[in-house]
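*Asks:* Below is the structure I would like to discuss, written out as C-alpha cells.
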Amino acid sequence: MPLESFKASDSLTMGVELELQLVNSYDLDLSSSANDLLDLLQRKPFPGVVTPEMTQSMIEIATGIHTEHGPLLAQLQQIRDTLVHAGDRLNIEISGGGTHPFQRWFEQRIFSKPRFQELSGLYGYLAKQFTVFGQHVHIGCASPDEALFLLHSLNRYVPHFIALSASSPFSQGVDTLFDSARLNSVFAFPLSGRAPFMLSWDEFASVYFTKMESTGVVKSMKDFYWDIRPKPEFGTIELRVCDTPLTVERAAGLACYLQALCRHLLERNEPAPEEDDYLVYTYNRFQACRFGLDGMMVNPKTRQQISIREDILATLRLLEPHADALKSRAALDEIERTAGHDGNHATYLRRRFAENGSVQGVVRASVEALRTGP
C-alpha cells in the first residue's frame with residue numbers, strides 16, 4: 001500500500017509522549033502491573049491518553065496538542081498526579097528515567113497486544129531488552145515538505161536533546177559510564193538511526209517508501225525507529241532521542257526548546273540542510289550518549305568542535321526572541337539551568353548513588369523526583 005497522505009497541521013503545535021516505569025514499592029524492581037494500572041485508570045476520565053507499551057512494566061502517556069508552555073506543563077502535572085494517586089492505590093510506584101538501574105530483561109513480560117507479540121516474534125530477546133523509557137516530542141508541520149525540512153535541519157541539534165534529557169547512567173546494576181545507556185538498546189534495531197536525506201515528500205513517498213515496502217521490510221512509518229521521523233497521520237515530525245526525564249517540568253522544557261528551535265529554523269536564516277551534515281552525525285550522537293553535556297560535537301557546517309554544553313547555551317541566546325513570541329521563557333530557563341548549572345538527570349542519579357551506595361537508592365530518588373518535581 002502507498003504511504004498515507006501527510007495530514008497537514010498547525011505549524012509549531014506540540015505534543016509530548018512519555019514512557020514511564022512501573023516499580024514495586026517493596027523492592028523497587030520493575031513491576032509487571034500495566035494491566036492492573038490501566039484497568040484502574042479506565043474507571044474515570046484521564047487527563048490525557050494512557051496506553052500500554054512493549055512490556056508489562058511500562059506505560060505510555062500522551063498530552064493533547066499545545067501551543068504554549070504553561071498549558072502543556074499543567075496537563076503533564078495533572079497526568080503525573082493522577083498516575084501517582086492510582087499507583088498508591090495499587091502499591092505501585094511511578095518513575096521516569098531512561099532505564100531501570102537493575103531490572104533483568106529476561107524477567108520482563110511482553111504486553112498481550114498483537115503488534116507487541118508480532119515484534120517479540122521478530123526481534124526475539126531484543127523486544128524484552130527494549131524495556132527502556134523515552135520521551136517523544138511531536139511538532140506540527142504545515143506541509144510535508146516543511147516536515148522534511150525541519151527533520152533534516154534539526155540533525156545538528158540532536159546531541160542537545162540527548163545530553164539534556166539523559167537519565168539512564170545505570171543498567172543491569174552497574175554504572176555504564178554512559179549518560180544515556182538507553183539509546184544503545186534503540187540502536188540495536190535494524191531500522192533505527194537517521195532518516196534518508198530527502199527534502200521532497202513526493203520523492204520520499206513515491207520512491208523511498210515504495211522501494212522499502214516492496215522489500216517486505218516495512219508496512220508503515222511505525223516500522224522505522226529513526227531518531228526523528230515524520231508522522232503523516234498526525235501532520236508532525238517526532239523527535240525520539242530523549243530519555244524520559246525524572247520530572248515533567250524537564251519534559252515540558254525539552255518540548256518547548258524544540259518548538260523554539262523549529263521556529264528559528266523556519267525563518268531559514270541558517271544554511272540549508274544537506275547530506276554532508278550527516279558525516280559527523282553518528283560521532284556527535286555517541287558523544288552526547290557517552291558524555292552528556294560534557295561531550296564534544298562537530299558543527300557539520302564549519303567542522304569546528306565545541307562542547308555540547310556551550311553549543312546549547314549559545315543556541316539559547318539565539319532563541320530568546322522565539323521564547324518571548326511562544327511564551328516559553330520559563331521553559332528555556334529550565335534548559336539553561338540544566339546546561340549551565342544543575343546538569344542533566346544522569347548527573348543527579350550518580351550523585352544519589354554516591355550518597356547511598358545502592359542502585360535501589362537510585363530508584364527511590366527517581367520515584368521521589370517524579371512525585372515532588374524539581
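Ligands are numbered from 1 in the order shown, residues from 1 within each chain, and chains are lettered A, B, ... in the order they appear in the C-alpha cells.
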So that I can see what lies close to range 151-153 of chain A, please list as a ChimeraX atom specification the residues with an atom at most 12 Å from it, counting only C-alpha atoms and leaving out residues fewer than 5 positions away in the same chain.
*Replies:* /A:138-141,144-146,158,194-201,226-231,236-240,258,261-278,281,300-301
*Asks:* Env of Asp36 in chain A: 12 Å cut, atoms = only C-alpha atoms, seq-sep filter 3 positions within chain, self excluded. Answer as a list in words.
*Replies:* Leu22, Ser31, Ser32, Ser33, Asp39, Leu40, Leu41, Gln42, Arg43, Pro52, Gln56, Ser57, Met58, Ile59, Ala86, Gly87, Arg89, Leu90, Asn91 and Ile92 of chain A
*Asks:* Name the residues of range 89-337 of chain A that come out as helix (DSSP H, G or I) in a backbone DSSP run; write them as a VMD selection string.
*Replies:* chain A and resid 89 to 90 105 to 107 114 to 123 125 to 129 144 to 165 182 to 186 201 to 214 221 to 223 248 to 266 275 to 294 308 to 318 320 to 326 329 to 337
*Asks:* Give the strand (DSSP E or B) residues of range 121-286 of chain A, as assigned by DSSP on the backbone, as a compact mmCIF listing (two decimals) with C-alpha atoms, in the first residue's frame.
*Replies:*
# COMPACT_ATOMS: atom_id res chain seq x y z
CA GLY A 134 11.90 7.60 26.27
CA GLN A 135 10.26 10.94 25.69
CA HIS A 136 8.89 11.66 22.23
CA VAL A 137 8.03 15.20 21.14
CA HIS A 138 5.76 15.97 18.17
CA ILE A 139 5.94 19.28 16.33
CA GLY A 140 3.16 20.24 13.94
CA SER A 168 19.99 6.38 32.11
CA PHE A 170 22.79 2.69 35.27
CA SER A 171 21.86 -0.65 33.71
CA VAL A 174 26.22 -1.02 37.26
CA ASP A 175 27.20 2.44 36.11
CA SER A 180 22.25 7.72 28.11
CA SER A 192 16.97 2.87 13.75
CA GLY A 193 19.33 5.79 13.18
CA TYR A 225 12.78 3.72 14.59
CA TRP A 226 14.60 6.79 13.33
CA ILE A 228 13.43 11.87 14.05
CA ARG A 229 10.65 10.58 11.84
CA PRO A 230 7.67 12.11 10.06
CA LYS A 231 4.22 11.09 11.30
CA THR A 236 4.08 16.17 12.64
CA ILE A 237 7.70 15.30 13.00
CA GLU A 238 8.54 13.18 16.04
CA LEU A 239 11.81 13.58 17.95
CA ARG A 240 12.61 10.22 19.58
CA VAL A 241 16.13 10.51 21.06
CA CYS A 242 15.25 11.81 24.54
CA ASP A 243 15.37 9.67 27.66
*Asks:* Pick out the residues sitting within 9 Å of Thr99 in chain A, and hand them over as a PyMOL selection string; count only C-alpha atoms, and ignore anything fewer than 2 positions along from it in its own chain.
*Replies:* chain A and resi 21+96-97+101-103+131-134+167-171+180-182+243-244
*Asks:* May I have the residues from that selection written out with C-alpha atoms, as a PDB file, in the first residue's frame?
*Replies:*
ATOM      1  CA  GLN A  21       8.359   2.826  34.687  1.00  0.00           C
ATOM      2  CA  GLY A  96      10.800   8.486  34.972  1.00  0.00           C
ATOM      3  CA  GLY A  97      14.353   7.701  33.869  1.00  0.00           C
ATOM      4  CA  PRO A 101      19.040   0.551  37.121  1.00  0.00           C
ATOM      5  CA  PHE A 102      18.892  -3.157  37.961  1.00  0.00           C
ATOM      6  CA  GLN A 103      15.926  -4.886  36.288  1.00  0.00           C
ATOM      7  CA  THR A 131      12.228  -2.184  28.382  1.00  0.00           C
ATOM      8  CA  VAL A 132      13.717   1.301  28.200  1.00  0.00           C
ATOM      9  CA  PHE A 133      11.908   4.573  28.546  1.00  0.00           C
ATOM     10  CA  GLY A 134      11.903   7.602  26.266  1.00  0.00           C
ATOM     11  CA  SER A 167      18.769   9.940  32.615  1.00  0.00           C
ATOM     12  CA  SER A 168      19.993   6.380  32.111  1.00  0.00           C
ATOM     13  CA  PRO A 169      23.520   6.004  33.517  1.00  0.00           C
ATOM     14  CA  PHE A 170      22.789   2.692  35.271  1.00  0.00           C
ATOM     15  CA  SER A 171      21.859  -0.654  33.713  1.00  0.00           C
ATOM     16  CA  SER A 180      22.247   7.718  28.112  1.00  0.00           C
ATOM     17  CA  ALA A 181      22.632   3.942  28.082  1.00  0.00           C
ATOM     18  CA  ARG A 182      19.032   3.675  26.853  1.00  0.00           C
ATOM     19  CA  ASP A 243      15.370   9.668  27.663  1.00  0.00           C
ATOM     20  CA  THR A 244      12.293  10.088  29.820  1.00  0.00           C
TER      21      THR A 244
END
*Asks:* Calculated over only C-alpha atoms, which of the candidates A:Arg156, A:Asp324, A:Thr247, A:Pro2 has the smallest distance to Arg303 in chain A?
*Replies:* A:Arg156
*Asks:* Can you tell me which residues surround His322 in chain A at a distance of at most 9 Å, considering only C-alpha atoms, apart from same-chain residues fewer than 4 positions away, and format the answer as a VMD selection string?
*Replies:* chain A and resid 259 to 261 263 to 264 318 326 to 329
*Asks:* Quick one: everything within 8 Å of range 346-354 of chain A, counting only C-alpha atoms, minus sequence neighbours fewer than 3 positions away in the same chain. Send it as a tab-separated table (two decimals) with C-alpha atoms, in the first residue's frame.
*Replies:*
chain	number	residue	atom	x	y	z
A	166	ALA	CA	19.99	11.86	29.57
A	167	SER	CA	18.77	9.94	32.61
A	168	SER	CA	19.99	6.38	32.11
A	169	PRO	CA	23.52	6.00	33.52
A	179	ASP	CA	24.81	9.33	30.43
A	180	SER	CA	22.25	7.72	28.11
A	343	GLY	CA	23.40	19.20	34.97
A	357	GLY	CA	25.86	3.43	47.51
A	358	SER	CA	22.97	1.38	46.13
A	359	VAL	CA	21.02	1.15	42.90
A	361	GLY	CA	18.54	4.21	46.32
A	362	VAL	CA	18.79	5.47	42.73
A	365	ALA	CA	15.42	9.04	44.13
A	366	SER	CA	13.78	8.69	40.70
*Asks:* What is the CA of Thr67 in chain A-CA of Pro45 in chain A distance in Å, reported with one decimal?
*Replies:*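 Distance reported for this atom pair: 23.1 Å.
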*Asks:* CA of Glu310 in chain A and CA of Asn344 in chain A are how many Å apart?
*Replies:*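 Between these atoms lies a distance of 14.2 Å.
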*Asks:* Figure out the distance between CA of Gly373 in chain A and CA of Arg285 in chain A, please, to one decimal in Å.
*Replies:*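 CA of Gly373 in chain A lies 28.2 Å from CA of Arg285 in chain A.
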*Asks:* Choose the residue, out of A:Ala251, A:Met297, A:Val50, A:Ile65, that has the smallest atom-to-atom separation from Ser11 in chain A; count only C-alpha atoms.
*Replies:*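 For Ser11 in chain A, the nearest of the candidates is A:Ile65.
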*Asks:* Measuring atom to atom with only C-alpha atoms, identify which of A:Pro190, A:Gly70, A:Pro47, A:Gly64 is nearest to Ala252 in chain A.
*Replies:*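 For Ala252 in chain A, the nearest of the candidates is A:Gly70.
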*Asks:* Do a neighbour search on range 71-84 of chain A at 9 Å with only C-alpha atoms, toss out local chain neighbours closer than 6 positions, and write the hits as a PyMOL selection string.
*Replies:* chain A and resi 14-16+37+41+46-49+61-65+92-94+248-249+251-253+370-371
